>>> print(open('my_file_27.cif').read())   # mmCIF, N, CA and C atoms
data_protein
loop_
_atom_site.label_atom_id
_atom_site.label_comp_id
_atom_site.auth_asym_id
_atom_site.auth_seq_id
_atom_site.Cartn_x
_atom_site.Cartn_y
_atom_site.Cartn_z
N MET A 298 81.54 90.42 138.92
CA MET A 298 82.83 91.00 139.20
C MET A 298 83.88 90.40 138.28
N GLY A 299 83.91 89.05 138.17
CA GLY A 299 84.88 88.39 137.31
C GLY A 299 84.66 88.74 135.85
N VAL A 300 83.40 88.94 135.45
CA VAL A 300 83.08 89.27 134.07
C VAL A 300 83.62 90.67 133.74
N LYS A 301 83.51 91.61 134.69
CA LYS A 301 84.01 92.97 134.47
C LYS A 301 85.53 92.96 134.30
N ILE A 302 86.23 92.18 135.10
CA ILE A 302 87.69 92.11 135.01
C ILE A 302 88.09 91.46 133.69
N LEU A 303 87.39 90.39 133.31
CA LEU A 303 87.67 89.72 132.04
C LEU A 303 87.41 90.65 130.86
N ALA A 304 86.32 91.40 130.89
CA ALA A 304 86.00 92.34 129.81
C ALA A 304 87.05 93.44 129.74
N ALA A 305 87.49 93.94 130.88
CA ALA A 305 88.51 95.00 130.92
C ALA A 305 89.83 94.47 130.38
N ALA A 306 90.20 93.24 130.72
CA ALA A 306 91.45 92.65 130.24
C ALA A 306 91.39 92.43 128.72
N ALA A 307 90.24 91.97 128.22
CA ALA A 307 90.08 91.75 126.78
C ALA A 307 90.15 93.07 126.02
N THR A 308 89.53 94.11 126.55
CA THR A 308 89.58 95.42 125.92
C THR A 308 91.00 95.95 125.89
N ALA A 309 91.71 95.82 127.01
CA ALA A 309 93.11 96.29 127.07
C ALA A 309 93.98 95.52 126.07
N ALA A 310 93.74 94.22 125.93
CA ALA A 310 94.52 93.41 124.99
C ALA A 310 94.26 93.87 123.55
N LEU A 311 93.00 94.13 123.20
CA LEU A 311 92.67 94.59 121.85
C LEU A 311 93.27 95.95 121.56
N ILE A 312 93.23 96.84 122.52
CA ILE A 312 93.83 98.16 122.34
C ILE A 312 95.34 98.02 122.16
N GLY A 313 95.96 97.16 122.94
CA GLY A 313 97.40 96.94 122.84
C GLY A 313 97.78 96.37 121.48
N LEU A 314 96.99 95.42 120.95
CA LEU A 314 97.28 94.85 119.64
C LEU A 314 97.13 95.90 118.54
N ALA A 315 96.11 96.72 118.62
CA ALA A 315 95.91 97.77 117.62
C ALA A 315 97.07 98.75 117.67
N GLY A 316 97.55 99.08 118.85
CA GLY A 316 98.68 100.00 118.99
C GLY A 316 99.95 99.41 118.41
N VAL A 317 100.19 98.13 118.58
CA VAL A 317 101.38 97.48 118.04
C VAL A 317 101.33 97.47 116.52
N ALA A 318 100.17 97.23 115.94
CA ALA A 318 100.04 97.14 114.50
C ALA A 318 100.34 98.46 113.82
N GLU A 319 100.10 99.57 114.48
CA GLU A 319 100.30 100.86 113.86
C GLU A 319 101.47 101.63 114.44
N ALA A 320 102.17 101.10 115.41
CA ALA A 320 103.27 101.80 116.04
C ALA A 320 104.38 102.11 115.05
N LYS A 321 104.60 101.26 114.06
CA LYS A 321 105.67 101.47 113.09
C LYS A 321 105.41 102.69 112.21
N ASP A 322 104.16 103.17 112.16
CA ASP A 322 103.82 104.33 111.34
C ASP A 322 104.02 105.66 112.06
N PHE A 323 104.50 105.62 113.30
CA PHE A 323 104.67 106.85 114.07
C PHE A 323 106.12 107.07 114.44
N GLN A 324 106.52 108.34 114.45
CA GLN A 324 107.83 108.72 114.93
C GLN A 324 107.72 108.97 116.43
N ALA A 325 108.86 109.25 117.06
CA ALA A 325 108.85 109.62 118.47
C ALA A 325 107.93 110.82 118.65
N GLY A 326 107.17 110.84 119.69
CA GLY A 326 106.24 111.93 119.94
C GLY A 326 104.86 111.68 119.38
N GLY A 327 104.63 110.52 118.76
CA GLY A 327 103.30 110.16 118.28
C GLY A 327 102.93 110.75 116.93
N GLN A 328 103.84 111.42 116.23
CA GLN A 328 103.54 111.97 114.91
C GLN A 328 103.72 110.90 113.83
N PRO A 329 102.82 110.85 112.83
CA PRO A 329 103.00 109.87 111.75
C PRO A 329 104.25 110.20 110.93
N LYS A 330 104.92 109.16 110.46
CA LYS A 330 106.08 109.34 109.59
C LYS A 330 105.63 109.86 108.23
N LEU A 331 106.48 110.65 107.60
CA LEU A 331 106.19 111.14 106.26
C LEU A 331 106.18 109.96 105.29
N LYS A 332 105.10 109.87 104.51
CA LYS A 332 104.97 108.81 103.50
C LYS A 332 104.60 109.45 102.18
N VAL A 333 105.21 108.96 101.11
CA VAL A 333 104.81 109.37 99.76
C VAL A 333 103.70 108.42 99.34
N THR A 334 102.54 108.98 99.04
CA THR A 334 101.40 108.15 98.66
C THR A 334 101.29 107.99 97.15
N LYS A 335 101.85 108.95 96.39
CA LYS A 335 101.81 108.86 94.93
C LYS A 335 102.88 109.78 94.36
N LEU A 336 103.47 109.37 93.24
CA LEU A 336 104.49 110.16 92.54
C LEU A 336 104.16 110.11 91.06
N GLN A 337 103.95 111.27 90.46
CA GLN A 337 103.59 111.35 89.04
C GLN A 337 104.56 112.28 88.33
N MET A 338 104.73 112.07 87.04
CA MET A 338 105.58 112.95 86.26
C MET A 338 104.99 113.16 84.87
N GLY A 339 105.25 114.32 84.30
CA GLY A 339 104.83 114.63 82.94
C GLY A 339 105.89 115.47 82.26
N ILE A 340 106.00 115.32 80.94
CA ILE A 340 106.90 116.14 80.14
C ILE A 340 106.12 116.67 78.95
N LYS A 341 106.16 117.98 78.76
CA LYS A 341 105.56 118.59 77.58
C LYS A 341 106.69 118.81 76.58
N SER A 342 106.72 117.97 75.55
CA SER A 342 107.76 118.04 74.53
C SER A 342 107.58 119.31 73.70
N PRO A 343 108.64 119.75 73.02
CA PRO A 343 108.53 120.95 72.18
C PRO A 343 107.45 120.76 71.11
N ALA A 344 106.75 121.83 70.80
CA ALA A 344 105.67 121.78 69.81
C ALA A 344 106.17 122.15 68.42
N THR A 345 107.47 122.25 68.25
CA THR A 345 108.05 122.68 66.97
C THR A 345 109.14 121.72 66.52
N ASN A 346 109.45 121.73 65.23
CA ASN A 346 110.55 120.93 64.68
C ASN A 346 111.86 121.69 64.71
N THR A 347 111.82 122.95 65.14
CA THR A 347 113.00 123.80 65.15
C THR A 347 113.70 123.68 66.49
N CYS A 348 115.02 123.56 66.44
CA CYS A 348 115.82 123.53 67.67
C CYS A 348 116.89 124.60 67.59
N PRO A 349 117.30 125.21 68.67
CA PRO A 349 116.94 124.82 70.02
C PRO A 349 115.47 125.10 70.34
N ALA A 350 114.94 124.29 71.27
CA ALA A 350 113.56 124.40 71.72
C ALA A 350 113.52 124.08 73.21
N GLU A 351 112.37 124.30 73.80
CA GLU A 351 112.21 124.03 75.23
C GLU A 351 111.15 122.96 75.47
N ALA A 352 111.41 122.11 76.45
CA ALA A 352 110.44 121.14 76.94
C ALA A 352 110.23 121.44 78.43
N LYS A 353 109.09 121.06 78.96
CA LYS A 353 108.78 121.33 80.37
C LYS A 353 108.57 120.01 81.10
N LEU A 354 109.36 119.75 82.13
CA LEU A 354 109.25 118.55 82.97
C LEU A 354 108.63 118.96 84.30
N THR A 355 107.64 118.22 84.77
CA THR A 355 107.03 118.47 86.07
C THR A 355 106.81 117.14 86.78
N ALA A 356 107.16 117.10 88.06
CA ALA A 356 106.89 115.94 88.92
C ALA A 356 106.00 116.39 90.06
N TRP A 357 105.00 115.57 90.38
CA TRP A 357 104.07 115.85 91.47
C TRP A 357 104.27 114.80 92.56
N VAL A 358 104.48 115.24 93.79
CA VAL A 358 104.69 114.35 94.92
C VAL A 358 103.52 114.52 95.89
N PHE A 359 102.84 113.44 96.20
CA PHE A 359 101.71 113.44 97.13
C PHE A 359 102.15 112.72 98.40
N THR A 360 101.86 113.32 99.57
CA THR A 360 102.28 112.75 100.85
C THR A 360 101.12 112.76 101.85
N ASN A 361 101.36 112.11 102.98
CA ASN A 361 100.35 112.05 104.04
C ASN A 361 100.41 113.26 104.97
N LYS A 362 101.47 114.06 104.88
CA LYS A 362 101.60 115.28 105.68
C LYS A 362 102.65 116.16 105.01
N ALA A 363 102.79 117.39 105.49
CA ALA A 363 103.78 118.31 104.94
C ALA A 363 105.19 117.81 105.25
N GLY A 364 106.10 118.00 104.29
CA GLY A 364 107.48 117.58 104.50
C GLY A 364 108.31 117.71 103.25
N ASN A 365 109.57 117.32 103.34
CA ASN A 365 110.50 117.39 102.23
C ASN A 365 110.79 115.99 101.70
N VAL A 366 110.72 115.82 100.38
CA VAL A 366 110.94 114.53 99.74
C VAL A 366 112.00 114.68 98.65
N PRO A 367 113.14 114.00 98.78
CA PRO A 367 114.12 114.03 97.71
C PRO A 367 113.71 113.09 96.57
N ILE A 368 113.73 113.62 95.34
CA ILE A 368 113.39 112.80 94.18
C ILE A 368 114.56 112.81 93.20
N TYR A 369 114.56 111.81 92.32
CA TYR A 369 115.56 111.67 91.27
C TYR A 369 114.84 111.50 89.95
N ILE A 370 115.49 111.90 88.87
CA ILE A 370 114.95 111.73 87.52
C ILE A 370 115.87 110.77 86.78
N ALA A 371 115.30 109.70 86.21
CA ALA A 371 116.10 108.68 85.51
C ALA A 371 115.63 108.53 84.08
N ARG A 372 116.58 108.23 83.20
CA ARG A 372 116.28 107.96 81.79
C ARG A 372 116.17 106.46 81.59
N ASP A 373 115.17 106.03 80.81
CA ASP A 373 114.99 104.62 80.51
C ASP A 373 116.23 104.08 79.81
N GLY A 374 116.63 102.88 80.16
CA GLY A 374 117.81 102.28 79.59
C GLY A 374 119.03 102.44 80.47
N GLY A 375 118.89 103.17 81.56
CA GLY A 375 119.99 103.33 82.51
C GLY A 375 121.02 104.35 82.07
N GLY A 376 121.98 104.55 82.93
CA GLY A 376 123.10 105.42 82.62
C GLY A 376 122.90 106.87 82.96
N SER A 377 121.68 107.35 83.11
CA SER A 377 121.47 108.76 83.38
C SER A 377 120.44 108.94 84.50
N VAL A 378 120.94 109.39 85.66
CA VAL A 378 120.08 109.72 86.79
C VAL A 378 120.53 111.07 87.32
N SER A 379 119.59 111.97 87.51
CA SER A 379 119.94 113.28 88.07
C SER A 379 119.16 113.50 89.36
N GLY A 380 119.73 114.32 90.22
CA GLY A 380 119.09 114.61 91.50
C GLY A 380 120.07 114.41 92.62
N PRO A 381 119.69 114.51 93.84
CA PRO A 381 118.30 114.67 94.29
C PRO A 381 117.81 116.11 94.17
N TYR A 382 116.51 116.21 93.93
CA TYR A 382 115.81 117.48 93.93
C TYR A 382 114.82 117.39 95.09
N VAL A 383 114.88 118.31 96.03
CA VAL A 383 114.02 118.25 97.21
C VAL A 383 112.70 118.94 96.90
N VAL A 384 111.61 118.18 97.06
CA VAL A 384 110.26 118.69 96.84
C VAL A 384 109.61 118.90 98.20
N LYS A 385 109.15 120.12 98.44
CA LYS A 385 108.48 120.44 99.71
C LYS A 385 106.97 120.30 99.50
N THR A 386 106.36 119.37 100.23
CA THR A 386 104.92 119.19 100.12
C THR A 386 104.21 120.02 101.18
N LYS A 387 103.02 120.48 100.84
CA LYS A 387 102.21 121.27 101.78
C LYS A 387 100.74 120.96 101.55
N ALA A 388 99.91 121.38 102.47
CA ALA A 388 98.47 121.12 102.38
C ALA A 388 97.89 121.78 101.13
N THR A 389 97.01 121.05 100.45
CA THR A 389 96.39 121.58 99.23
C THR A 389 95.01 122.18 99.50
N GLY A 390 94.50 122.02 100.70
CA GLY A 390 93.20 122.58 101.04
C GLY A 390 92.08 121.56 100.96
N ASN A 391 92.34 120.38 100.40
CA ASN A 391 91.30 119.36 100.32
C ASN A 391 91.68 118.12 101.13
N GLY A 392 92.53 118.32 102.14
CA GLY A 392 92.93 117.22 103.00
C GLY A 392 94.12 116.44 102.48
N GLN A 393 94.68 116.84 101.33
CA GLN A 393 95.85 116.17 100.78
C GLN A 393 97.05 117.08 100.88
N PHE A 394 98.24 116.49 100.69
CA PHE A 394 99.48 117.24 100.71
C PHE A 394 100.20 116.95 99.40
N MET A 395 100.70 118.02 98.77
CA MET A 395 101.34 117.86 97.47
C MET A 395 102.44 118.91 97.30
N GLY A 396 103.45 118.53 96.52
CA GLY A 396 104.50 119.45 96.13
C GLY A 396 104.89 119.15 94.70
N THR A 397 105.48 120.14 94.03
CA THR A 397 105.88 119.93 92.64
C THR A 397 107.34 120.31 92.43
N TYR A 398 107.94 119.65 91.45
CA TYR A 398 109.26 120.00 90.95
C TYR A 398 109.09 120.24 89.46
N SER A 399 109.52 121.41 88.99
CA SER A 399 109.42 121.74 87.57
C SER A 399 110.77 122.19 87.05
N ARG A 400 110.97 121.90 85.79
CA ARG A 400 112.24 122.25 85.16
C ARG A 400 112.00 122.46 83.66
N THR A 401 112.62 123.50 83.11
CA THR A 401 112.59 123.73 81.68
C THR A 401 113.84 123.11 81.08
N LEU A 402 113.64 122.28 80.06
CA LEU A 402 114.75 121.58 79.41
C LEU A 402 115.06 122.25 78.08
N GLN A 403 116.32 122.52 77.83
CA GLN A 403 116.76 123.07 76.56
C GLN A 403 117.09 121.91 75.62
N ILE A 404 116.39 121.82 74.51
CA ILE A 404 116.59 120.73 73.55
C ILE A 404 117.35 121.30 72.35
N HIS A 405 118.50 120.67 72.04
CA HIS A 405 119.36 121.13 70.95
C HIS A 405 119.54 120.08 69.86
N GLN A 406 119.11 118.86 70.10
CA GLN A 406 119.29 117.78 69.12
C GLN A 406 118.10 116.84 69.20
N PRO A 407 117.89 116.02 68.18
CA PRO A 407 116.76 115.09 68.21
C PRO A 407 116.84 114.17 69.43
N ILE A 408 115.68 113.89 70.00
CA ILE A 408 115.62 112.99 71.16
C ILE A 408 114.29 112.23 71.13
N ASN A 409 114.36 110.97 71.51
CA ASN A 409 113.18 110.13 71.67
C ASN A 409 113.50 109.21 72.84
N ALA A 410 113.16 109.65 74.04
CA ALA A 410 113.53 108.93 75.26
C ALA A 410 112.37 108.94 76.24
N LYS A 411 112.49 108.11 77.26
CA LYS A 411 111.50 108.06 78.35
C LYS A 411 112.21 108.35 79.66
N TYR A 412 111.51 109.04 80.55
CA TYR A 412 112.03 109.39 81.86
C TYR A 412 111.00 109.09 82.93
N ARG A 413 111.47 108.92 84.16
CA ARG A 413 110.54 108.81 85.29
C ARG A 413 111.21 109.35 86.54
N ALA A 414 110.35 109.71 87.50
CA ALA A 414 110.82 110.20 88.79
C ALA A 414 110.79 109.06 89.79
N SER A 415 111.68 109.14 90.78
CA SER A 415 111.68 108.15 91.85
C SER A 415 111.93 108.84 93.18
N ALA A 416 111.38 108.27 94.21
CA ALA A 416 111.64 108.68 95.60
C ALA A 416 112.09 107.42 96.33
N PRO A 417 113.37 107.02 96.14
CA PRO A 417 113.82 105.73 96.66
C PRO A 417 113.68 105.58 98.17
N GLY A 418 113.82 106.66 98.92
CA GLY A 418 113.66 106.58 100.37
C GLY A 418 112.24 106.26 100.79
N PHE A 419 111.31 106.39 99.84
CA PHE A 419 109.90 106.14 100.12
C PHE A 419 109.34 105.02 99.25
N LYS A 420 110.23 104.36 98.49
CA LYS A 420 109.86 103.23 97.64
C LYS A 420 108.74 103.58 96.67
N GLN A 421 108.89 104.74 96.00
CA GLN A 421 107.88 105.18 95.04
C GLN A 421 108.53 105.49 93.70
N LEU A 422 107.83 105.14 92.61
CA LEU A 422 108.24 105.44 91.24
C LEU A 422 107.07 106.07 90.51
N SER A 423 107.37 106.99 89.62
CA SER A 423 106.32 107.55 88.77
C SER A 423 106.16 106.69 87.53
N ASN A 424 105.24 107.08 86.71
CA ASN A 424 105.05 106.48 85.40
C ASN A 424 106.21 106.90 84.48
N TRP A 425 106.49 106.12 83.44
CA TRP A 425 107.45 106.52 82.41
C TRP A 425 106.76 107.53 81.49
N VAL A 426 107.47 108.61 81.13
CA VAL A 426 106.90 109.60 80.22
C VAL A 426 107.88 109.89 79.09
N PRO A 427 107.36 110.10 77.87
CA PRO A 427 108.25 110.33 76.73
C PRO A 427 108.70 111.78 76.62
N LEU A 428 109.88 111.95 76.08
CA LEU A 428 110.40 113.26 75.65
C LEU A 428 110.81 113.07 74.20
N LYS A 429 110.12 113.79 73.31
CA LYS A 429 110.39 113.65 71.87
C LYS A 429 110.60 115.02 71.25
N ALA A 430 111.62 115.08 70.41
CA ALA A 430 111.86 116.28 69.61
C ALA A 430 112.60 115.84 68.35
N SER A 431 112.11 116.30 67.18
CA SER A 431 112.74 115.86 65.93
C SER A 431 113.91 116.76 65.53
N CYS A 432 113.85 118.03 65.87
CA CYS A 432 114.91 118.99 65.54
C CYS A 432 115.29 118.93 64.05
N LYS A 433 114.30 118.85 63.18
CA LYS A 433 114.57 118.80 61.74
C LYS A 433 115.26 120.07 61.26
N ILE A 434 115.02 121.17 61.97
CA ILE A 434 115.66 122.45 61.65
C ILE A 434 116.37 122.91 62.92
N GLY A 435 117.69 123.05 62.89
CA GLY A 435 118.31 123.57 64.09
C GLY A 435 119.79 123.32 64.21
N LEU A 436 120.29 123.68 65.38
CA LEU A 436 121.70 123.58 65.73
C LEU A 436 121.95 122.32 66.52
N GLY A 437 123.20 121.87 66.65
CA GLY A 437 123.55 120.70 67.44
C GLY A 437 123.67 121.05 68.92
N GLY A 438 123.87 120.04 69.76
CA GLY A 438 124.06 120.24 71.19
C GLY A 438 123.55 119.06 71.98
N ASN A 439 123.33 119.25 73.27
CA ASN A 439 122.86 118.19 74.16
C ASN A 439 121.65 118.63 74.93
N ASP A 440 120.74 117.69 75.24
CA ASP A 440 119.63 118.02 76.13
C ASP A 440 120.13 118.03 77.56
N GLN A 441 119.37 118.63 78.47
CA GLN A 441 119.82 118.84 79.84
C GLN A 441 119.72 117.61 80.73
N LEU A 442 119.07 116.56 80.30
CA LEU A 442 118.91 115.39 81.17
C LEU A 442 119.98 114.34 80.90
N GLY A 443 121.03 114.69 80.22
CA GLY A 443 122.10 113.75 80.01
C GLY A 443 121.92 112.89 78.77
N GLY A 444 121.07 113.30 77.84
CA GLY A 444 120.76 112.49 76.68
C GLY A 444 121.67 112.75 75.56
#
>>> encode(input="my_file_27.cif", output="structure tokens")
Amino acid sequence: MGVKILAAAATAALIGLAGVAEAKDFQAGGQPKLKVTKLQMGIKSPATNTCPAEAKLTAWVFTNKAGNVPIYIARDGGGSVSGPYVVKTKATGNGQFMGTYSRTLQIHQPINAKYRASAPGFKQLSNWVPLKASCKIGLGGNDQLGG
């Protein structure tokens, strides 16, 4: 009899400890909080020396469930941050959740810079990616990311 009570108490204690360890990951109602598991970015620089030209920026946001994630785009060296851009993630069909943000950049002058995406509310940063254009032939102007 005493062994059964002791075993039941030990089991209840272990369940309680496991619940405490993971309680911070749940919102009210028992649903897990939205988490960004990975943030990636890529830029396809213009394939020509002629400007104006276009570059393509894409950011991929991976999460633990469907939801909205505000991201920002920053230029290396400081001084230029744009956003927030809200990325809606949804199920991809393989048990993961992903959303994308894409933007076409108009390049009017030479540029050699690095950019990255951030989701500060989720403590995530993407890799730094280069944006390069020589514009050896073309008109003057400014790129769209504040460069």
>>> resolve_selection(input="my_file_27.cif", expression="the PyMOL selection byres ((chain A and resi 337-352) around 7)", output="PDB file with N, CA and C atoms, keeping the file's coordinate frame")
ATOM      1  N   LYS A 335     101.850 108.950  96.390  1.00  0.00           N
ATOM      2  CA  LYS A 335     101.810 108.860  94.930  1.00  0.00           C
ATOM      3  C   LYS A 335     102.880 109.780  94.360  1.00  0.00           C
ATOM      4  N   LEU A 336     103.470 109.370  93.240  1.00  0.00           N
ATOM      5  CA  LEU A 336     104.490 110.160  92.540  1.00  0.00           C
ATOM      6  C   LEU A 336     104.160 110.110  91.060  1.00  0.00           C
ATOM      7  N   LYS A 353     109.090 121.060  78.960  1.00  0.00           N
ATOM      8  CA  LYS A 353     108.780 121.330  80.370  1.00  0.00           C
ATOM      9  C   LYS A 353     108.570 120.010  81.100  1.00  0.00           C
ATOM     10  N   LEU A 354     109.360 119.750  82.130  1.00  0.00           N
ATOM     11  CA  LEU A 354     109.250 118.550  82.970  1.00  0.00           C
ATOM     12  C   LEU A 354     108.630 118.960  84.300  1.00  0.00           C
ATOM     13  N   THR A 355     107.640 118.220  84.770  1.00  0.00           N
ATOM     14  CA  THR A 355     107.030 118.470  86.070  1.00  0.00           C
ATOM     15  C   THR A 355     106.810 117.140  86.780  1.00  0.00           C
ATOM     16  N   ALA A 356     107.160 117.100  88.060  1.00  0.00           N
ATOM     17  CA  ALA A 356     106.890 115.940  88.920  1.00  0.00           C
ATOM     18  C   ALA A 356     106.000 116.390  90.060  1.00  0.00           C
ATOM     19  N   TRP A 357     105.000 115.570  90.380  1.00  0.00           N
ATOM     20  CA  TRP A 357     104.070 115.850  91.470  1.00  0.00           C
ATOM     21  C   TRP A 357     104.270 114.800  92.560  1.00  0.00           C
ATOM     22  N   VAL A 358     104.480 115.240  93.790  1.00  0.00           N
ATOM     23  CA  VAL A 358     104.690 114.350  94.920  1.00  0.00           C
ATOM     24  C   VAL A 358     103.520 114.520  95.890  1.00  0.00           C
ATOM     25  N   PHE A 359     102.840 113.440  96.200  1.00  0.00           N
ATOM     26  CA  PHE A 359     101.710 113.440  97.130  1.00  0.00           C
ATOM     27  C   PHE A 359     102.150 112.720  98.400  1.00  0.00           C
ATOM     28  N   ARG A 400     110.970 121.900  85.790  1.00  0.00           N
ATOM     29  CA  ARG A 400     112.240 122.250  85.160  1.00  0.00           C
ATOM     30  C   ARG A 400     112.000 122.460  83.660  1.00  0.00           C
ATOM     31  N   THR A 401     112.620 123.500  83.110  1.00  0.00           N
ATOM     32  CA  THR A 401     112.590 123.730  81.680  1.00  0.00           C
ATOM     33  C   THR A 401     113.840 123.110  81.080  1.00  0.00           C
ATOM     34  N   LEU A 402     113.640 122.280  80.060  1.00  0.00           N
ATOM     35  CA  LEU A 402     114.750 121.580  79.410  1.00  0.00           C
ATOM     36  C   LEU A 402     115.060 122.250  78.080  1.00  0.00           C
ATOM     37  N   GLN A 403     116.320 122.520  77.830  1.00  0.00           N
ATOM     38  CA  GLN A 403     116.760 123.070  76.560  1.00  0.00           C
ATOM     39  C   GLN A 403     117.090 121.910  75.620  1.00  0.00           C
ATOM     40  N   ILE A 404     116.390 121.820  74.510  1.00  0.00           N
ATOM     41  CA  ILE A 404     116.590 120.730  73.550  1.00  0.00           C
ATOM     42  C   ILE A 404     117.350 121.300  72.350  1.00  0.00           C
ATOM     43  N   HIS A 405     118.500 120.670  72.040  1.00  0.00           N
ATOM     44  CA  HIS A 405     119.360 121.130  70.950  1.00  0.00           C
ATOM     45  C   HIS A 405     119.540 120.080  69.860  1.00  0.00           C
ATOM     46  N   GLN A 406     119.110 118.860  70.100  1.00  0.00           N
ATOM     47  CA  GLN A 406     119.290 117.780  69.120  1.00  0.00           C
ATOM     48  C   GLN A 406     118.100 116.840  69.200  1.00  0.00           C
ATOM     49  N   ARG A 413     111.470 108.920  84.160  1.00  0.00           N
ATOM     50  CA  ARG A 413     110.540 108.810  85.290  1.00  0.00           C
ATOM     51  C   ARG A 413     111.210 109.350  86.540  1.00  0.00           C
ATOM     52  N   ALA A 414     110.350 109.710  87.500  1.00  0.00           N
ATOM     53  CA  ALA A 414     110.820 110.200  88.790  1.00  0.00           C
ATOM     54  C   ALA A 414     110.790 109.060  89.790  1.00  0.00           C
ATOM     55  N   LEU A 422     107.830 105.140  92.610  1.00  0.00           N
ATOM     56  CA  LEU A 422     108.240 105.440  91.240  1.00  0.00           C
ATOM     57  C   LEU A 422     107.070 106.070  90.510  1.00  0.00           C
ATOM     58  N   SER A 423     107.370 106.990  89.620  1.00  0.00           N
ATOM     59  CA  SER A 423     106.320 107.550  88.770  1.00  0.00           C
ATOM     60  C   SER A 423     106.160 106.690  87.530  1.00  0.00           C
ATOM     61  N   ASN A 424     105.240 107.080  86.710  1.00  0.00           N
ATOM     62  CA  ASN A 424     105.050 106.480  85.400  1.00  0.00           C
ATOM     63  C   ASN A 424     106.210 106.900  84.480  1.00  0.00           C
ATOM     64  N   TRP A 425     106.490 106.120  83.440  1.00  0.00           N
ATOM     65  CA  TRP A 425     107.450 106.520  82.410  1.00  0.00           C
ATOM     66  C   TRP A 425     106.760 107.530  81.490  1.00  0.00           C
ATOM     67  N   VAL A 426     107.470 108.610  81.130  1.00  0.00           N
ATOM     68  CA  VAL A 426     106.900 109.600  80.220  1.00  0.00           C
ATOM     69  C   VAL A 426     107.880 109.890  79.090  1.00  0.00           C
ATOM     70  N   PRO A 427     107.360 110.100  77.870  1.00  0.00           N
ATOM     71  CA  PRO A 427     108.250 110.330  76.730  1.00  0.00           C
ATOM     72  C   PRO A 427     108.700 111.780  76.620  1.00  0.00           C
ATOM     73  N   LEU A 428     109.880 111.950  76.080  1.00  0.00           N
ATOM     74  CA  LEU A 428     110.400 113.260  75.650  1.00  0.00           C
ATOM     75  C   LEU A 428     110.810 113.070  74.200  1.00  0.00           C
ATOM     76  N   LYS A 429     110.120 113.790  73.310  1.00  0.00           N
ATOM     77  CA  LYS A 429     110.390 113.650  71.870  1.00  0.00           C
ATOM     78  C   LYS A 429     110.600 115.020  71.250  1.00  0.00           C
ATOM     79  N   ALA A 430     111.620 115.080  70.410  1.00  0.00           N
ATOM     80  CA  ALA A 430     111.860 116.280  69.610  1.00  0.00           C
ATOM     81  C   ALA A 430     112.600 115.840  68.350  1.00  0.00           C
ATOM     82  N   SER A 431     112.110 116.300  67.180  1.00  0.00           N
ATOM     83  CA  SER A 431     112.740 115.860  65.930  1.00  0.00           C
ATOM     84  C   SER A 431     113.910 116.760  65.530  1.00  0.00           C
ATOM     85  N   CYS A 432     113.850 118.030  65.870  1.00  0.00           N
ATOM     86  CA  CYS A 432     114.910 118.990  65.540  1.00  0.00           C
ATOM     87  C   CYS A 432     115.290 118.930  64.050  1.00  0.00           C
ATOM     88  N   LYS A 433     114.300 118.850  63.180  1.00  0.00           N
ATOM     89  CA  LYS A 433     114.570 118.800  61.740  1.00  0.00           C
ATOM     90  C   LYS A 433     115.260 120.070  61.260  1.00  0.00           C
ATOM     91  N   ILE A 434     115.020 121.170  61.970  1.00  0.00           N
ATOM     92  CA  ILE A 434     115.660 122.450  61.650  1.00  0.00           C
ATOM     93  C   ILE A 434     116.370 122.910  62.920  1.00  0.00           C
ATOM     94  N   GLY A 435     117.690 123.050  62.890  1.00  0.00           N
ATOM     95  CA  GLY A 435     118.310 123.570  64.090  1.00  0.00           C
ATOM     96  C   GLY A 435     119.790 123.320  64.210  1.00  0.00           C
ATOM     97  N   LEU A 436     120.290 123.680  65.380  1.00  0.00           N
ATOM     98  CA  LEU A 436     121.700 123.580  65.730  1.00  0.00           C
ATOM     99  C   LEU A 436     121.950 122.320  66.520  1.00  0.00           C
ATOM    100  N   GLY A 437     123.200 121.870  66.650  1.00  0.00           N
ATOM    101  CA  GLY A 437     123.550 120.700  67.440  1.00  0.00           C
ATOM    102  C   GLY A 437     123.670 121.050  68.920  1.00  0.00           C
TER     103      GLY A 437
END
>>> atom_distance(input="my_file_27.cif", atom1="CA of Pro417 (chain A)", atom2="atom C of Lys387 (chain A)")
20.7 Å
>>> select_by_dssp(input="my_file_27.cif", residues="region 365-441 of chain A", states="strand (DSSP E or B)", output="ChimeraX atom specification")
/A:365-372,378-388,394-404,408-416,421-422,426-430,434-435
>>> atom_distance(input="my_file_27.cif", atom1="atom N of Thr334 (chain A)", atom2="atom C of Thr360 (chain A)")
4.9 Å
>>> atom_distance(input="my_file_27.cif", atom1="atom C of Val366 (chain A)", atom2="atom C of Ile408 (chain A)")
27.7 Å
>>> closest_residue(input="my_file_27.cif", among="A:Gly392, A:Gly418, A:Gly375, A:Pro407", to="Asn361 (chain A)", atoms="only N, CA and C atoms")
A:Gly392
>>> closest_residue(input="my_file_27.cif", among="A:Leu331, A:Gly390, A:Lys385, A:Thr397", to="Asn365 (chain A)", atoms="only C-alpha atoms")
A:Lys385
>>> closest_residue(input="my_file_27.cif", among="A:Ala416, A:Gln421, A:Phe394, A:Pro329", to="Ala363 (chain A)", atoms="only N, CA and C atoms")
A:Phe394
